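As stored in final_0.cif (mmCIF, C-alpha atoms):
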data_upload
loop_
_atom_site.label_atom_id
_atom_site.label_comp_id
_atom_site.auth_asym_id
_atom_site.auth_seq_id
_atom_site.Cartn_x
_atom_site.Cartn_y
_atom_site.Cartn_z
CA MET P 28 40.34 7.45 39.41
CA ARG P 29 37.68 9.99 38.48
CA SER P 30 36.40 12.03 41.36
CA TYR P 31 32.67 12.24 41.95
CA GLN P 32 31.08 15.36 40.45
CA PRO P 33 27.73 16.19 41.99
CA ASP P 34 24.83 17.33 39.79
CA LEU P 35 24.28 20.92 40.86
CA THR P 36 21.39 21.59 38.43
CA PRO P 37 18.45 23.00 40.39
CA PRO P 38 15.51 20.56 40.51
CA TRP P 39 13.18 23.03 38.77
CA LYS P 40 15.51 23.14 35.75
CA LYS P 41 15.68 19.38 35.30
CA SER P 42 13.48 17.92 32.57
CA ALA P 43 10.90 15.50 33.89
CA PRO P 44 10.96 12.16 32.08
CA ALA P 45 8.30 12.09 29.37
CA PRO P 46 5.84 9.20 29.34
CA GLU P 47 6.61 6.48 26.82
CA VAL P 48 3.85 5.84 24.29
CA PRO P 49 3.84 2.88 21.86
CA ALA P 50 3.83 4.14 18.26
CA GLU P 51 0.78 2.12 17.22
CA PRO P 52 -0.49 2.53 13.64
CA ASP P 53 -2.97 5.43 13.23
CA LEU P 54 -1.81 7.15 16.44
CA VAL P 55 -1.81 10.89 15.66
CA VAL P 56 1.13 12.87 17.06
CA GLU P 57 3.01 16.10 16.38
CA GLU P 58 6.78 16.17 15.93
CA ALA P 59 8.09 18.60 18.53
CA VAL P 60 10.69 20.45 16.41
CA THR P 61 9.00 20.82 13.02
CA GLY P 62 5.36 20.80 14.11
CA PHE P 63 4.57 18.14 11.48
CA CYS P 64 1.35 16.41 12.54
CA GLY P 65 0.31 13.02 11.25
CA ALA P 66 -0.74 9.46 11.88
CA VAL P 67 1.81 6.72 12.54
CA ILE P 68 2.29 4.56 9.45
CA ARG P 69 5.16 2.34 10.55
CA CYS P 70 8.21 2.05 12.79
CA GLU P 71 11.59 0.89 11.49
CA LYS P 72 14.92 -0.10 12.99
CA THR P 73 17.84 1.71 11.33
CA ALA P 74 21.59 1.98 11.93
CA GLU P 75 21.03 5.41 13.47
CA GLY P 76 18.27 4.16 15.75
CA PRO P 77 14.51 3.58 15.52
CA THR P 78 12.42 5.84 13.28
CA VAL P 79 8.72 6.47 12.83
CA THR P 80 6.92 7.44 9.62
CA LEU P 81 4.01 9.87 9.91
CA GLU P 82 1.36 10.67 7.30
CA ASP P 83 -0.43 14.03 7.42
CA ARG P 84 -4.01 14.69 6.28
CA PHE P 85 -2.80 15.48 2.76
CA GLY P 86 -1.07 12.10 2.42
CA LYS P 87 2.48 13.48 2.82
CA HIS P 88 4.94 11.16 4.57
CA ARG P 89 7.82 12.23 6.85
CA VAL P 90 10.31 10.03 8.72
CA PHE P 91 11.53 11.11 12.17
CA PRO P 92 13.91 9.59 14.73
CA MET P 93 12.13 8.32 17.82
CA ALA P 94 14.07 10.67 20.10
CA PRO P 95 13.25 11.09 23.79
CA ARG P 96 10.63 13.82 24.33
CA GLY P 97 10.43 14.15 20.54
CA PHE P 98 6.64 14.27 20.04
CA LEU P 99 3.45 15.83 21.33
CA LEU P 100 0.36 13.74 21.96
CA GLU P 101 -2.74 15.83 22.61
CA GLY P 102 -0.47 18.67 23.71
CA ARG P 103 1.68 16.52 26.06
CA VAL P 104 5.37 15.86 25.45
CA VAL P 105 5.92 12.12 25.00
CA THR P 106 8.59 9.67 23.93
CA LEU P 107 7.49 7.32 21.20
CA VAL P 108 8.68 3.73 21.51
CA ARG P 109 8.30 0.74 19.24
CA PRO P 110 5.05 -1.12 20.01
CA SER P 111 5.47 -4.54 21.58
CA ALA P 112 4.43 -7.56 19.57
CA GLY P 113 2.20 -8.70 22.42
CA GLY P 114 0.44 -5.38 22.94
CA PRO P 115 -3.33 -5.00 23.33
CA ASP P 116 -5.49 -5.73 20.33
CA ARG P 117 -6.51 -2.58 18.45
CA PRO P 118 -9.87 -2.24 16.74
CA ALA P 119 -9.76 -3.48 13.16
CA ARG P 120 -10.30 -0.87 10.47
CA THR P 121 -12.07 -0.99 7.14
CA ALA P 122 -10.26 0.18 4.01
CA SER P 123 -11.87 3.62 4.47
CA GLY P 124 -10.40 3.95 7.97
CA SER P 125 -13.67 3.33 9.83
CA VAL P 126 -13.79 0.98 12.80
CA ALA P 127 -14.78 -2.45 11.50
CA VAL P 128 -17.89 -4.09 12.94
CA PRO P 129 -17.18 -7.86 13.10
CA GLY P 130 -20.10 -9.97 12.00
CA ALA P 131 -22.19 -6.98 10.91
CA ARG P 132 -24.88 -7.85 8.38
CA ALA P 133 -25.59 -5.70 5.36
CA ARG P 134 -28.49 -3.32 5.89
CA VAL P 135 -31.50 -3.47 3.60
CA ALA P 136 -30.79 -1.05 0.76
CA ARG P 137 -31.98 2.52 1.26
CA ALA P 138 -34.12 4.31 -1.28
CA GLY P 139 -31.28 6.81 -1.65
CA ARG P 140 -28.43 6.14 -4.05
CA ILE P 141 -24.98 7.33 -5.05
CA TYR P 142 -24.38 7.65 -8.77
CA VAL P 143 -20.87 7.75 -10.25
CA GLU P 144 -19.85 8.31 -13.84
CA GLY P 145 -18.31 5.00 -14.82
CA ARG P 146 -17.51 1.43 -13.89
CA HIS P 147 -13.98 2.29 -12.75
CA ASP P 148 -15.36 4.91 -10.36
CA ALA P 149 -17.80 2.37 -8.94
CA GLU P 150 -15.10 -0.28 -8.50
CA LEU P 151 -12.80 2.16 -6.71
CA VAL P 152 -15.56 3.31 -4.35
CA GLU P 153 -16.44 -0.32 -3.61
CA ARG P 154 -12.81 -1.21 -2.91
CA VAL P 155 -12.36 1.50 -0.28
CA TRP P 156 -15.87 2.13 1.08
CA GLY P 157 -17.60 -1.18 0.34
CA ASP P 158 -17.85 -2.35 3.98
CA ASP P 159 -19.21 1.01 5.11
CA LEU P 160 -21.75 1.17 2.28
CA ARG P 161 -23.14 -2.27 3.06
CA ILE P 162 -23.58 -1.43 6.74
CA GLU P 163 -25.33 1.82 5.78
CA GLY P 164 -27.44 0.17 3.07
CA VAL P 165 -26.18 2.52 0.34
CA VAL P 166 -26.10 1.28 -3.25
CA VAL P 167 -23.63 2.76 -5.76
CA GLU P 168 -24.55 2.72 -9.46
CA TYR P 169 -22.66 3.98 -12.49
CA LEU P 170 -24.10 6.09 -15.31
CA GLU P 171 -21.60 5.79 -18.20
CA GLY P 172 -21.35 9.57 -18.34
CA ILE P 173 -23.44 12.51 -17.08
CA ASP P 174 -24.59 14.15 -20.32
CA ASP P 175 -28.21 13.29 -19.41
CA LEU P 176 -27.87 14.00 -15.69
CA PRO P 177 -30.90 16.36 -15.36
CA ALA P 178 -33.17 13.75 -16.96
CA ILE P 179 -31.66 10.97 -14.83
CA VAL P 180 -32.31 12.98 -11.66
CA HIS P 181 -35.90 13.67 -12.74
CA GLU P 182 -36.49 9.98 -13.39
CA PHE P 183 -35.03 9.06 -9.98
CA SER P 184 -37.60 11.36 -8.26
CA PRO P 185 -35.48 12.30 -5.23
CA GLY P 186 -37.13 13.19 -1.94
CA PRO P 187 -36.33 13.58 1.78
CA ASP P 188 -36.43 9.80 2.21
CA ALA P 189 -34.64 9.09 -1.08
CA ARG P 190 -31.68 11.41 -1.43
CA LEU P 191 -29.40 11.17 -4.43
CA GLY P 192 -25.65 11.82 -4.42
CA VAL P 193 -23.70 12.18 -7.66
CA LEU P 194 -19.92 12.02 -8.05
CA VAL P 195 -18.62 13.77 -11.17
CA ASP P 196 -15.19 13.57 -12.80
CA HIS P 197 -13.39 16.79 -13.78
CA LEU P 198 -15.82 19.09 -11.96
CA VAL P 199 -13.88 22.34 -12.35
CA PRO P 200 -15.07 25.87 -13.24
CA GLY P 201 -15.85 26.30 -16.92
CA SER P 202 -15.91 22.59 -17.76
CA LYS P 203 -18.75 20.83 -19.55
CA GLU P 204 -19.31 18.84 -16.37
CA SER P 205 -19.77 21.99 -14.28
CA ARG P 206 -22.37 23.34 -16.70
CA ILE P 207 -24.35 20.10 -16.55
CA ALA P 208 -24.11 19.91 -12.75
CA ALA P 209 -25.41 23.48 -12.44
CA GLN P 210 -28.70 22.38 -14.05
CA VAL P 211 -29.47 20.15 -11.04
CA THR P 212 -31.10 22.33 -8.35
CA ASP P 213 -33.14 19.84 -6.32
CA GLY P 214 -32.36 20.17 -2.60
CA ASN P 215 -32.51 16.39 -2.18
CA VAL P 216 -29.65 15.94 -4.68
CA LEU P 217 -25.99 16.63 -3.98
CA VAL P 218 -23.63 16.83 -6.95
CA VAL P 219 -19.93 16.97 -6.04
CA GLY P 220 -16.80 16.15 -7.97
CA HIS P 221 -13.05 15.90 -8.08
CA PRO P 222 -10.73 17.87 -10.39
CA TYR P 223 -9.21 14.90 -12.19
CA ILE P 224 -9.88 14.10 -15.83
CA ASP P 225 -10.49 10.49 -14.86
CA VAL P 226 -10.72 8.65 -11.55
CA TRP P 227 -7.41 6.94 -12.38
CA GLU P 228 -5.69 10.18 -11.36
CA ALA P 229 -7.31 10.05 -7.93
CA VAL P 230 -5.01 7.14 -7.07
CA LYS P 231 -1.71 8.41 -5.72
CA PRO P 232 1.13 7.89 -8.23
CA SER P 233 3.37 6.58 -5.43
CA SER P 234 0.88 3.79 -4.75
CA VAL P 235 0.90 2.78 -8.42
CA GLY P 236 4.70 2.95 -8.53
CA ILE P 237 5.00 5.84 -10.98
CA GLY P 238 6.50 9.31 -10.60
CA GLY P 239 3.31 11.07 -11.63
CA TRP P 240 0.34 10.90 -13.97
CA PRO P 241 1.40 12.00 -17.47
CA VAL P 242 -0.11 14.97 -19.28
CA VAL P 243 -1.99 13.71 -22.33
CA PRO P 244 -2.41 16.18 -25.23
CA ARG P 245 -5.98 17.25 -25.95
CA GLY P 246 -7.64 15.28 -28.71
CA GLN P 247 -6.14 11.96 -27.61
CA ASP P 248 -7.99 9.31 -25.64
CA TRP P 249 -6.74 10.04 -22.13
CA LYS P 250 -6.47 6.47 -20.85
CA THR P 251 -4.74 5.23 -23.98
CA GLY P 252 -2.38 8.20 -23.81
CA VAL P 253 -1.53 7.38 -20.21
CA CYS P 254 -0.67 3.78 -21.11
CA ARG P 255 1.48 4.96 -24.02
CA SER P 256 3.34 7.55 -21.93
CA LEU P 257 4.05 5.07 -19.13
CA GLY P 258 5.18 2.35 -21.51
CA TRP P 259 2.32 0.07 -20.55
CA PRO P 260 0.51 -2.12 -23.11
CA GLU P 261 -2.30 -0.07 -24.64
CA ASN P 262 -4.94 -2.18 -22.93
CA THR P 263 -6.93 0.16 -20.68
CA GLY P 264 -8.78 -2.70 -18.99
CA ALA P 265 -5.55 -4.36 -17.90
CA ALA P 266 -4.11 -0.98 -16.92
CA TRP P 267 -7.08 -0.30 -14.67
CA GLN P 268 -6.73 -3.66 -12.94
CA ARG P 269 -3.08 -2.82 -12.30
CA ILE P 270 -4.10 0.54 -10.79
CA LEU P 271 -6.99 -0.87 -8.77
CA SER P 272 -4.85 -3.65 -7.30
CA SER P 273 -2.48 -0.99 -5.90
CA VAL P 274 -5.28 0.50 -3.77
CA ARG P 275 -5.34 -1.10 -0.34
CA SER P 276 -6.98 1.65 1.70
CA TYR P 277 -7.94 5.31 1.75
CA ARG P 278 -4.25 6.18 2.13
CA ASP P 279 -3.74 5.31 -1.54
CA LEU P 280 -6.24 7.96 -2.72
CA GLU P 281 -5.95 11.70 -3.12
CA PRO P 282 -7.79 13.91 -0.57
CA GLU P 283 -9.84 15.53 -3.33
CA LEU P 284 -11.65 12.23 -3.91
CA LEU P 285 -11.74 11.07 -0.29
CA GLY P 286 -13.60 14.12 0.94
CA ARG P 287 -16.18 14.05 -1.82
CA VAL P 288 -17.13 10.39 -1.34
CA GLU P 289 -17.41 10.83 2.43
CA GLU P 290 -19.60 13.88 1.79
CA LEU P 291 -21.95 11.89 -0.44
CA ILE P 292 -22.25 9.01 2.05
CA ASP P 293 -23.13 11.48 4.81
CA PHE P 294 -25.69 13.19 2.58
CA VAL P 295 -27.62 10.09 1.55
CA THR P 296 -27.59 8.62 5.08
CA LEU P 297 -28.89 11.71 6.90
CA PRO P 298 -31.96 10.99 9.05
CA ASP P 299 -35.21 11.55 7.17
#
Please render this file's structure as structure tokens.
Amino acid sequence: MRSYQPDLTPPWKKSAPAPEVPAEPDLVVEEAVTGFCGAVIRCEKTAEGPTVTLEDRFGKHRVFPMAPRGFLLEGRVVTLVRPSAGGPDRPARTASGSVAVPGARARVARAGRIYVEGRHDAELVERVWGDDLRIEGVVVEYLEGIDDLPAIVHEFSPGPDARLGVLVDHLVPGSKESRIAAQVTDGNVLVVGHPYIDVWEAVKPSSVGIGGWPVVPRGQDWKTGVCRSLGWPENTGAAWQRILSSVRSYRDLEPELLGRVEELIDFVTLPD
């Protein structure tokens, strides 16, 4: 029979039990060992024990065991636990991550606008930010290219009560797009862009189910070249529908596009 062995650890050296916190989706925590900070994506039951997947602000995913005292929440050590099925209702979110407003009616359209280059850009913005745009009364229109952007801006006649935001593809130093954008100097116009050749690339490859976007040699139609490299039928319309259907929320988009669209929405909705 084993003899009783008293615990002689001084009280001040004993670790206090950490509070248990349900790992609800979108809860932002820091993993105590690695310092990885991210939002909870999902919890899973594995043979080694429960795990939690976190997504950082760059869209990177990491899986961690839900160990006791394994995470920091607002600087406090906590133990993450699987959320109960009957837990409190959490506020619904739009595809952009904003808190949904049930029953909200679309606002009368503002005089301000957001212009994007093409139909695919407009459809992607609508898919992720559509609910937000309707509440704010912001209309998105597409231009079919920006070669005539200075004239388009002049015709729009922007002002303090009618700001114009423009989203440009492939806005990188030395590009044709950057030279055209530099000609727009009106303070009531904001021209921003992402570095991708086409908005297709702003969708994360992992969301589409591919290893990465292929490099298409110069001189070839980029979209057709992508389809050819991926072994898809050379039907760019069908390819786009395949890509668009893989976008469920902002998490499926690259940060370089997310930040620019949010910037434009803020710009055109500033108080007069």
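With the shown file loaded, the PyMOL selection byres ((chain P and resi 210) around 12) picks out P:Ile173, P:Asp174, P:Asp175, P:Leu176, P:Pro177, P:Ala178, P:Ile179, P:Val180, P:His181, P:Lys203, P:Glu204, P:Ser205, P:Arg206, P:Ile207, P:Ala208, P:Ala209, P:Val211, P:Thr212, P:Asp213, P:Val216, P:Leu217, P:Val218.
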Subject >> Contacts of region 79-90 of chain P within 12 Å, all atoms listed in the file, excl. fewer than 5 positions in-chain, as a PyMOL selection string >> reply: chain P and resi 49-58+61-73+97-98+106-110+230-234+277-286
**OP:** Find the residues near region 187-201 of chain P: any atom within 7 Å, counting all atoms listed in the file, skip ones fewer than 2 places away on the same chain, and give them as a list in words.
**Re:**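 Returned residues: Ala138, Gly139, Arg140, Ile141, Tyr142, Val143, Glu144, Pro185, Lys203, Glu204, Ser205, Asn215, Val216, Leu217, Val218, Val219, Gly220, His221, Pro222, Tyr223, Ile224, Asp225, Val226, Leu291, Val295 and Asp299 of chain P.
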Subject >> Atomic separation - CA of Pro244 (chain P) relative to CA of Leu257 (chain P), Å >> reply: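 Straight-line distance from CA of Leu257 (chain P) to CA of Pro244 (chain P) works out to 14.2 Å.
Closest approach to Ile292 (chain P) among P:Gly238, P:Gly157, P:Pro44, P:Gly252: P:Gly157, based on all atoms listed in the file.
Going from CA of Ala136 (chain P) to CA of Val165 (chain P) covers 5.8 Å.
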Subject >> Interatomic distance (Å, one decimal) between CA of Arg146 (chain P) and CA of Gln268 (chain P) >> reply: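 A separation of 12.0 Å between them.
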Original post:
In file coordinates, which residues lie within 6 Å of (-7.3, -0.6, -1.7) using all atoms listed in the file, given as a ChimeraX atom specification?
Top reply: /P:154-155,274-276
**OP:** Using the chain letters and numbers from the file, give me the residues hit by the PyMOL selection byres ((chain P and resi 254) around 12), as a VMD selection string.
**Re:** chain P and resid 227 237 240 to 243 247 to 253 255 to 267 269 to 270
What box, with edges along x, y and z, holds each listed atom of region 60-64 of chain P when 6 Å is added on every side, and can you state its centre and edge lengths in Å to one decimal, as lines of an AutoDock Vina configuration file?
center_x = 6.0
center_y = 18.6
center_z = 13.9
size_x = 21.3
size_y = 16.4
size_z = 16.9
Original post:
With all atoms listed in the file as the atoms that count, which of P:Leu99, P:Leu271, P:Val166, P:Val288 lies nearest to Pro46 (chain P)?
Top reply: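 Going through P:Leu99, P:Leu271, P:Val166, P:Val288 one by one, the smallest distance to Pro46 (chain P) is for P:Leu99.
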